[in-house]
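First comes the structure, then the notes that go with it.
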Amino acid sequence: MAAITVLLLIKMPIGLALLLTGFIGLSVIRGLNPGLDMIGSRPFDINSSYDLAVVPLFILMGHLTFVAGITQDLYFAARQWVGHLKGGLVIATTLANAAFGACCGSTTAATAVFGKVAIPEMLRQGVNRSLAAGCVAASGSLSAMIPPSILLVVYGILAQTSVPKLLIAGFIPGILQATLFSLMVFVRASINPKLAPPVARVPWKERFGSLKGGVWGVVFLFMLVMGGIWGGLFTPTEGGAIGAIGAFILVLATKKFSRSLLNESFLETARTTSVIFIIVTGAMVFSMFLSLSGVPTRVSQLIVTMPVPPLVIVLGTMLILIALGCVVDVFSMMFLTMPIFLPVMRALDLNLVWYGILVVTTTEMGQVTPPFGLNCFMLKSVVPELSLGEIFRGVGWYVAMFFVSIILVMFFPQIALFLPNTMSR
């Protein structure tokens, strides 16, 4: 871990740092030739994995729905339905972000999109600048939980547990987080109406009219993909392929298709996938080195013999993740800690699907906590008139809601496990 820390401090990408450390460790334990054989063959084996094929498909699905203009449709519909409530525009942004999470597994993409779509409208209507910024940065992280979630897929591969169950498990906790965000805004706006003035109420006819077009497309796409996975009709990879095709049909239906937009979607998908796959490859090699070294086994034996309840140990791992989330990005945090934490959870005989939801919730917090807060910096880049101070002040209340969500899922596991337990396989 010290070697990785040094490599990260000298600005080496996390994937390469993990790969280099794992290679050196394997070479020390097994010899140079086995180490060279490992890094010569293992990357191909990892990146040709059928389970990982879902990652570029989910990413492409998100890029295509963005090209189709779905975000504007979702935000307009949410505004029509809840804009008249206290804090209505902020709540609308949260709900639209949650809906966009059903077709986009990237938190930074969701933050960038709604930074452009929702921030100008909220500021124009007199919403507090910090509240508007905090809403977009925090609710953008809902894409990490609400399926299809790339982070849940990666966790499933690291934990060697059911990816379909993980994806389905993220639905209720994701809705819970969106609800907590909305309730927090409603209460604060009720106490201080100047924080987020409501907009005029619109007739029911206009509300239902706002649901046409892309909104129904997203609903259909989500039900098709996740319903098929939940019902056991197809695997997540097959669901990702169906979702990408469905998103392409949405682009055609909205008459926004062009070769340049299609090329841009494929190019961005390739860029994002390449970064993720390099990190996954390095993490797998590093995990193999840790397994051969016996460190996870010794750590597990040490921890499980501690005279404390398992929930205390789980809470301890959450606190470590929260601390790491302040200084490193979510993928780095997961790949650095899961090779150590997962053997402990197995030794304690805890449900790895439930634990995965806790891990992803904690990494969501890491997306908005200073000083790293990737979503905060993404929002600053797309809305430069907002200061980082305003953004970080705005996410404070949302971090508190993340804590509430973690506690609820920790003490009421069925929030995460109810839907997976109903799956046909």
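Labels used: A, B, ... for chains in the order of the structure tokens, numbers from 1 for residues in each chain, and numbers from 1 for ligands as shown.
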
- prompt: Got a sec: who's within 10 Å of A:Thr93, counting only C-alpha atoms, leaving out chain neighbours fewer than 6 positions off, as JSON, numbers by chain?
  reply: {"A": [74, 75, 76, 78, 79, 82, 83, 99, 114, 115, 117, 118, 119, 122, 132, 135, 136, 139, 140, 182]}

Write the residues of the preceding selection, restricted to C-alpha atoms, as a PDB file, in the first residue's frame.
ATOM      1  CA  LEU A  74     -36.963  14.684 -17.829  1.00  0.00           C
ATOM      2  CA  TYR A  75     -36.213  18.022 -16.199  1.00  0.00           C
ATOM      3  CA  PHE A  76     -39.175  19.739 -17.868  1.00  0.00           C
ATOM      4  CA  ALA A  78     -40.287  17.003 -13.194  1.00  0.00           C
ATOM      5  CA  ARG A  79     -40.594  20.793 -13.107  1.00  0.00           C
ATOM      6  CA  VAL A  82     -43.367  19.313  -8.500  1.00  0.00           C
ATOM      7  CA  GLY A  83     -42.137  22.831  -9.326  1.00  0.00           C
ATOM      8  CA  ALA A  99     -34.682   9.215 -13.691  1.00  0.00           C
ATOM      9  CA  PHE A 114     -27.717  18.834 -15.236  1.00  0.00           C
ATOM     10  CA  GLY A 115     -25.168  21.525 -14.518  1.00  0.00           C
ATOM     11  CA  VAL A 117     -29.700  22.141 -17.931  1.00  0.00           C
ATOM     12  CA  ALA A 118     -30.859  22.857 -14.366  1.00  0.00           C
ATOM     13  CA  ILE A 119     -28.428  25.354 -12.805  1.00  0.00           C
ATOM     14  CA  MET A 122     -32.725  27.458 -10.773  1.00  0.00           C
ATOM     15  CA  ALA A 132     -28.602  24.699  -6.505  1.00  0.00           C
ATOM     16  CA  CYS A 135     -28.312  19.569  -5.512  1.00  0.00           C
ATOM     17  CA  VAL A 136     -26.752  18.955  -8.934  1.00  0.00           C
ATOM     18  CA  SER A 139     -28.012  14.053  -7.060  1.00  0.00           C
ATOM     19  CA  GLY A 140     -25.667  13.385  -9.980  1.00  0.00           C
ATOM     20  CA  SER A 182     -36.183  15.817  -1.659  1.00  0.00           C
TER      21      SER A 182
END

field: Non-local contacts of A:His84 (9 Å; only C-alpha atoms; under 4 positions in same chain excluded) as an MDAnalysis selection string
entry: chainID A and resid 79:80 88:89 197:202

Emit the selected residues as a CSV table (one decimal), in the first residue's frame, including N, CA and C atoms.
chain,number,residue,atom,x,y,z
A,79,ARG,N,-40.3,19.4,-13.5
A,79,ARG,CA,-40.6,20.8,-13.1
A,79,ARG,C,-42.1,21.0,-13.2
A,80,GLN,N,-42.8,20.5,-14.2
A,80,GLN,CA,-44.2,20.6,-14.3
A,80,GLN,C,-45.0,20.0,-13.1
A,88,GLY,N,-39.5,23.4,-5.0
A,88,GLY,CA,-39.9,22.6,-6.1
A,88,GLY,C,-38.8,22.4,-7.2
A,89,LEU,N,-38.2,23.5,-7.6
A,89,LEU,CA,-37.2,23.3,-8.7
A,89,LEU,C,-36.0,22.5,-8.3
A,197,PRO,N,-37.6,29.5,-3.9
A,197,PRO,CA,-39.0,29.9,-4.2
A,197,PRO,C,-39.7,28.9,-5.2
A,198,PRO,N,-40.9,28.6,-4.9
A,198,PRO,CA,-41.7,27.7,-5.9
A,198,PRO,C,-42.0,28.5,-7.2
A,199,VAL,N,-42.3,27.7,-8.2
A,199,VAL,CA,-42.8,28.3,-9.4
A,199,VAL,C,-44.3,28.1,-9.5
A,200,ALA,N,-44.9,28.7,-10.5
A,200,ALA,CA,-46.4,28.7,-10.6
A,200,ALA,C,-46.9,27.2,-10.9
A,201,ARG,N,-48.0,26.9,-10.2
A,201,ARG,CA,-48.6,25.6,-10.5
A,201,ARG,C,-49.2,25.5,-11.9
A,202,VAL,N,-49.0,24.4,-12.5
A,202,VAL,CA,-49.5,24.2,-13.9
A,202,VAL,C,-50.7,23.3,-13.9

- request: Please indicate the distance in Å from atom CA of A:Ile46 to atom CA of A:Asn375, rounded to one decimal place.
  value: 28.6 Å

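Counting only C-alpha atoms, stretch 311-320 of chain A has the following residues at most 8 Å away, ignoring those fewer than 6 positions along the same chain: A:Ile303, A:Phe341, A:Leu358, A:Val359, A:Thr362, A:Met410.
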
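Atom CA of A:Met423 to atom CA of A:Trp354 spans 15.1 Å [interatomic distance, one decimal].
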